[in-house]
Structures are given as structure tokens and as C-alpha cells.
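> Below you'll find the structure I mean.
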Amino acid sequence: QVQLVESGGGLVQAGGSTRLSCTASGLTFSSYAMGWFRQAPGKEREFVAAISRNFGHPSYADSVKGRFTISRDNAKNTVYLRIDSLKPEDTAVYYCAAQMTVDLWSVPTAPNRYRYWGQGTQVTVSS
């Protein structure tokens, strides 16, 4: 049974930083591209960042470039999302997702390209 468990986030001040973690189990982590998405109240789930199975070629949404950093530790089956210079508009539930890829460099960005999802972790940015 595949499980993705997010942690981190919570209530943070604008301008601050936080790091989200997502630990996977029940799958061969190194065979999966990993992505982060977020969903704010009343809005659709949107792509934030993704990283290929071989660590290279991260991809970011234009709205978060320069402030968000995705990384992974295959030995720990964990993907991270560091968020710097937090803004109130970053307030959302953040989800991690996993998709098996054959291509080492593949970084899917559409939600429907991902098979497995975590339960989400809330990030609330106070101004």
C-alpha cells in the first residue's frame, strides 16, 4: 500500500521560511518523479514544483520561482519543499504526489499525471 505523508507547514509569518516534507512508503521511491501542489480555499489545485527521479531537472510554477526549492533524498524516501519569503497568497493546503516514470528526467506538472497523493498539510501565512 502506497502512502505519502506530508509534514511541516503550520502558521508562519510573512517574509519567513518553512520546509515541508513528504515521506513515501510502499513504493520504490527512486523510480518516481515527485511533485508538490497546493490548493487555496475556493481555488483549484495548482502545480507548485516537481523533481525528476534522478534529482535533476526541477520544475517550478512561474509564481514561485526564486522562492520555492524542491529537493529529494532517495535514501530517506523523502521529498522536500522549502519556501522562502512567504507571502499571504501562499496560504493553502500543500500536497505531495508521486508518479512512476521511465524517463529519468521526466517532471510531470499536471495533477492528472500523478497517481499517488498525500493527505496534504496546511500552510497559513500571517501578514
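Chain labels follow the order of the C-alpha cells: the first chain is A, the next B, and so on; residue numbering restarts at 1 in every chain, and ligands are counted from 1 in their shown order.
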Find the nearest atom pair between each residue of range 16-55 of chain A and range 66-72 of chain A for residues within 7 Å, count only C-alpha atoms, give distances in Å to one decimal, sort rows by chain and ascending number, and present the table as CSV.

```
residue,atom,partner,partner_atom,distance
A:Ala49,CA,A:Ile70,CA,6.5
A:Ala50,CA,A:Ile70,CA,6.9
A:Ile51,CA,A:Ile70,CA,6.8
A:Phe55,CA,A:Arg72,CA,6.8
```
> List every residue of range 16-82 of chain A that DSSP, applied to the backbone, labels as strand (DSSP E), and write the result as a ChimeraX atom specification.
/A:18-25,32-39,46-51,59-60,68-73,78-82
> Give me the residues near Val107 in chain A as a PyMOL selection string, where near means some atom within 12 Å (using only C-alpha atoms) and where sequence neighbours in that chain fewer than 3 positions away do not count.
chain A and resi 32-36+47-60+70+97-104+110-111+113-114
> Do a neighbour search on Thr121 in chain A at 12 Å with only C-alpha atoms, toss out local chain neighbours closer than 2 positions, and write the hits as a compact mmCIF listing (two decimals) with N, CA, C and O atoms, in the first residue's frame.

```
# COMPACT_ATOMS: atom_id res chain seq x y z
N LEU A 4 1.85 8.46 1.13
CA LEU A 4 2.63 9.69 1.12
C LEU A 4 2.16 10.52 2.31
O LEU A 4 0.97 10.82 2.41
N VAL A 5 3.09 10.88 3.19
CA VAL A 5 2.73 11.60 4.39
C VAL A 5 3.49 12.92 4.44
O VAL A 5 4.72 12.93 4.56
N GLU A 6 2.75 14.01 4.36
CA GLU A 6 3.35 15.35 4.43
C GLU A 6 3.47 15.80 5.87
O GLU A 6 2.67 15.42 6.73
N SER A 7 4.45 16.65 6.12
CA SER A 7 4.61 17.27 7.43
C SER A 7 5.27 18.64 7.23
O SER A 7 5.78 18.96 6.16
N GLY A 8 5.23 19.42 8.29
CA GLY A 8 5.75 20.78 8.22
C GLY A 8 4.62 21.77 8.00
O GLY A 8 3.46 21.43 8.08
N GLY A 9 4.94 22.98 7.72
CA GLY A 9 3.93 24.00 7.49
C GLY A 9 3.42 24.56 8.81
O GLY A 9 4.18 24.76 9.74
N GLY A 10 2.12 24.79 8.89
CA GLY A 10 1.53 25.42 10.06
C GLY A 10 1.37 26.91 9.85
O GLY A 10 1.26 27.39 8.71
N LEU A 11 1.38 27.64 10.94
CA LEU A 11 1.22 29.10 10.87
C LEU A 11 2.59 29.76 10.84
O LEU A 11 3.39 29.56 11.75
N ARG A 19 9.78 24.63 5.71
CA ARG A 19 10.13 23.49 4.89
C ARG A 19 9.10 22.39 5.09
O ARG A 19 8.84 21.98 6.23
N LEU A 20 8.55 21.94 4.00
CA LEU A 20 7.61 20.84 4.01
C LEU A 20 8.36 19.55 3.66
O LEU A 20 9.28 19.58 2.85
N SER A 21 7.92 18.46 4.25
CA SER A 21 8.49 17.15 3.94
C SER A 21 7.38 16.21 3.52
O SER A 21 6.23 16.36 3.96
N CYS A 22 7.73 15.27 2.70
CA CYS A 22 6.79 14.24 2.29
C CYS A 22 7.55 12.92 2.24
O CYS A 22 8.48 12.78 1.43
N TRP A 36 4.90 18.73 -5.96
CA TRP A 36 4.15 19.45 -4.93
C TRP A 36 3.08 20.29 -5.61
O TRP A 36 3.35 20.96 -6.62
N PHE A 37 1.90 20.27 -5.04
CA PHE A 37 0.78 21.07 -5.50
C PHE A 37 0.19 21.79 -4.30
O PHE A 37 0.46 21.43 -3.16
N ARG A 38 -0.63 22.79 -4.57
CA ARG A 38 -1.31 23.45 -3.47
C ARG A 38 -2.72 23.83 -3.89
O ARG A 38 -3.02 23.99 -5.08
N GLN A 39 -3.57 23.96 -2.89
CA GLN A 39 -4.95 24.34 -3.15
C GLN A 39 -5.40 25.32 -2.07
O GLN A 39 -5.42 24.99 -0.88
N ALA A 40 -5.72 26.51 -2.51
CA ALA A 40 -6.24 27.54 -1.61
C ALA A 40 -7.76 27.45 -1.57
O ALA A 40 -8.38 26.92 -2.51
N LEU A 81 10.08 20.56 0.26
CA LEU A 81 9.76 21.82 -0.40
C LEU A 81 10.09 22.94 0.58
O LEU A 81 9.43 23.09 1.61
N THR A 91 -0.80 30.91 1.31
CA THR A 91 -1.68 30.15 2.19
C THR A 91 -2.48 29.15 1.40
O THR A 91 -3.18 29.50 0.44
N ALA A 92 -2.35 27.88 1.78
CA ALA A 92 -3.02 26.81 1.04
C ALA A 92 -2.74 25.49 1.74
O ALA A 92 -1.90 25.41 2.64
N VAL A 93 -3.44 24.46 1.30
CA VAL A 93 -3.07 23.09 1.65
C VAL A 93 -2.08 22.62 0.60
O VAL A 93 -2.36 22.73 -0.60
N TYR A 94 -0.96 22.12 1.05
CA TYR A 94 0.09 21.66 0.14
C TYR A 94 0.09 20.13 0.10
O TYR A 94 0.09 19.47 1.15
N TYR A 95 0.07 19.60 -1.11
CA TYR A 95 0.04 18.17 -1.33
C TYR A 95 1.29 17.71 -2.05
O TYR A 95 1.75 18.39 -2.98
N CYS A 96 1.79 16.55 -1.66
CA CYS A 96 2.83 15.94 -2.49
C CYS A 96 2.19 14.82 -3.31
O CYS A 96 1.13 14.28 -2.93
N TRP A 117 -1.15 10.39 -4.06
CA TRP A 117 -1.24 11.69 -3.40
C TRP A 117 -1.19 11.55 -1.89
O TRP A 117 -1.68 10.56 -1.33
N GLY A 118 -0.61 12.54 -1.23
CA GLY A 118 -0.67 12.62 0.21
C GLY A 118 -1.96 13.29 0.66
O GLY A 118 -2.77 13.72 -0.16
N GLN A 119 -2.13 13.39 1.96
CA GLN A 119 -3.37 13.94 2.52
C GLN A 119 -3.33 15.46 2.62
O GLN A 119 -4.34 16.09 2.85
N VAL A 123 -0.53 25.24 5.18
CA VAL A 123 0.40 26.36 5.40
C VAL A 123 -0.44 27.63 5.44
O VAL A 123 -1.16 27.93 4.48
N THR A 124 -0.36 28.33 6.55
CA THR A 124 -1.08 29.59 6.70
C THR A 124 -0.07 30.70 6.96
O THR A 124 0.72 30.62 7.90
```
> Determine, counting only C-alpha atoms, which protein, DNA and RNA residues have an atom within 10 Å of an atom of Ala14 in chain A; residues of the same chain fewer than 3 positions away are not included. Present the result as an NGL selection string.
:A and (11 or 17 or 84-90 or 124-127)
> Got time to write the residues from that selection, C-alpha atoms, as a short mmCIF file (atom, residue, chain, number, x, y, z; two decimals), in the first residue's frame?

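Final output, selection15.cif:
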```cif
data_model
loop_
_atom_site.label_atom_id
_atom_site.label_comp_id
_atom_site.auth_asym_id
_atom_site.auth_seq_id
_atom_site.Cartn_x
_atom_site.Cartn_y
_atom_site.Cartn_z
CA LEU A 11 1.22 29.10 10.87
CA SER A 17 10.55 30.46 5.64
CA ASP A 84 11.29 31.39 1.43
CA SER A 85 9.92 34.94 1.57
CA LEU A 86 6.46 33.62 2.40
CA LYS A 87 3.50 35.69 1.25
CA PRO A 88 -0.10 35.61 2.43
CA GLU A 89 -1.09 34.29 -1.02
CA ASP A 90 0.98 31.18 -0.31
CA THR A 124 -1.08 29.59 6.70
CA VAL A 125 0.88 32.81 6.21
CA SER A 126 0.01 35.70 8.51
CA SER A 127 0.65 39.25 7.37
#
```
